[in-house]
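Here the structure comes first, spelled out in structure tokens, and everything after it is commentary.
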Amino acid sequence: MEHHTDLFAKARELETEMNWPEAASAYEIIVKQDPLNEMAIQRLLILYRKLKESKKELRLLDESIKANQANYLNQQKNWGKKNKSAAKISGALAKRLSGEELYKEPIVLRWQKRKQGLLKKLKTD
């Protein structure tokens, strides 16, 4: 198994050579090994767009959003275990204000916006 840095460099080189299918394959390996690797996800999304692989792009967006949100919730849970008093107050405040998750990672917001645009495009095609 190649190290992410080596594989990422290889993928970038393949992109430079305009060998987009092979570059996409390299990024897919990275994302499979590390579903939170934002750089590899971003590059792969770009390649899927260039390759007109809308369904793969949509699937990657869904998987990446889900993985990122799960990671954030896990971090929140771990923080809550260490800071029980603050977590109790924060949780009560969040429920009182909206009953929903108040914070979303900026990357998740960008991916959700991209997903909406892609879904709109797919409906018109």
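In the structure tokens, the first chain shown is A, the next is B, and so on; residue numbers restart at 1 for each chain, and ligands run from 1 in the order shown.
The neighbours of range 108-121 of chain A here are the residues that come within 8 Å of it, using only C-alpha atoms and leaving out any residue fewer than 3 positions away in the same chain; they are Ser54, Leu58, Leu61, Ile65, Asn68, Gln69, Lys104, Glu105, Thr124 and Asp125 of chain A.
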Same residues, N, CA and C atoms, output as a tab-separated table (two decimals), in the first residue's frame:
```tsv
chain	number	residue	atom	x	y	z
A	54	SER	N	-21.33	12.21	-13.25
A	54	SER	CA	-22.21	12.88	-12.28
A	54	SER	C	-22.67	11.97	-11.15
A	58	LEU	N	-21.95	12.65	-7.26
A	58	LEU	CA	-23.03	12.72	-6.27
A	58	LEU	C	-22.80	11.73	-5.13
A	61	LEU	N	-20.02	13.01	-2.91
A	61	LEU	CA	-20.52	14.11	-2.07
A	61	LEU	C	-21.29	13.55	-0.88
A	65	ILE	N	-19.93	13.98	2.93
A	65	ILE	CA	-20.74	14.74	3.89
A	65	ILE	C	-21.03	13.86	5.11
A	68	ASN	N	-17.83	13.26	7.19
A	68	ASN	CA	-17.42	14.47	7.90
A	68	ASN	C	-18.34	14.75	9.08
A	69	GLN	N	-19.64	14.60	8.87
A	69	GLN	CA	-20.59	14.84	9.95
A	69	GLN	C	-20.43	13.81	11.07
A	104	LYS	N	-22.14	23.48	11.29
A	104	LYS	CA	-21.71	22.55	10.24
A	104	LYS	C	-20.35	23.02	9.77
A	105	GLU	N	-19.48	22.06	9.55
A	105	GLU	CA	-18.15	22.37	9.05
A	105	GLU	C	-18.28	23.12	7.72
A	124	THR	N	-32.38	18.72	-15.04
A	124	THR	CA	-32.57	19.41	-16.32
A	124	THR	C	-31.98	18.65	-17.50
A	125	ASP	N	-31.08	17.71	-17.22
A	125	ASP	CA	-30.45	16.93	-18.32
A	125	ASP	C	-31.36	15.83	-18.80
```
Using only C-alpha atoms, which residues sit within 12 Å of Ile46 in chain A once same-chain residues fewer than 2 positions away are excluded, as a PyMOL selection string?
chain A and resi 15+20-21+23-24+27+39-44+48-54+56-58+60-61+114
Any chance you can output those residues with C-alpha atoms as a CSV table (one decimal), in the first residue's frame?
```
chain,number,residue,atom,x,y,z
A,15,GLU,CA,-3.7,15.0,-13.8
A,20,TRP,CA,-7.9,11.8,-15.7
A,21,PRO,CA,-9.3,8.3,-15.3
A,23,ALA,CA,-5.7,10.1,-11.6
A,24,ALA,CA,-9.3,9.5,-10.4
A,27,TYR,CA,-7.6,9.6,-5.6
A,39,MET,CA,-7.7,17.5,-0.7
A,40,ALA,CA,-8.2,14.1,-2.3
A,41,ILE,CA,-12.0,14.5,-2.2
A,42,GLN,CA,-11.8,18.0,-3.8
A,43,ARG,CA,-9.5,16.7,-6.6
A,44,LEU,CA,-11.7,13.7,-7.2
A,48,TYR,CA,-15.6,13.4,-11.9
A,49,ARG,CA,-16.9,16.7,-13.2
A,50,LYS,CA,-14.3,16.7,-16.1
A,51,LEU,CA,-15.1,13.0,-16.8
A,52,LYS,CA,-18.8,13.8,-16.7
A,53,GLU,CA,-19.3,11.1,-14.0
A,54,SER,CA,-22.2,12.9,-12.3
A,56,LYS,CA,-20.0,9.2,-9.0
A,57,GLU,CA,-19.7,12.8,-8.1
A,58,LEU,CA,-23.0,12.7,-6.3
A,60,LEU,CA,-18.8,11.0,-3.3
A,61,LEU,CA,-20.5,14.1,-2.1
A,114,ARG,CA,-22.4,21.6,-4.8
```
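The space between CA of Asn37 in chain A and CA of Phe8 in chain A spans 10.7 Å.
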Within chain A, find each residue whose DSSP state, derived from the backbone, is alpha helix (DSSP H), and express the selection as number ranges by chain.
A: 4-16, 20-33, 38-50, 54-82, 84-97, 106-124
Excluding Pro35 in chain A and any residue of its chain fewer than 3 positions from it, enumerate the residues within 8 Å of it, using only C-alpha atoms, and give them as a ChimeraX atom specification.
/A:30-32,64,67
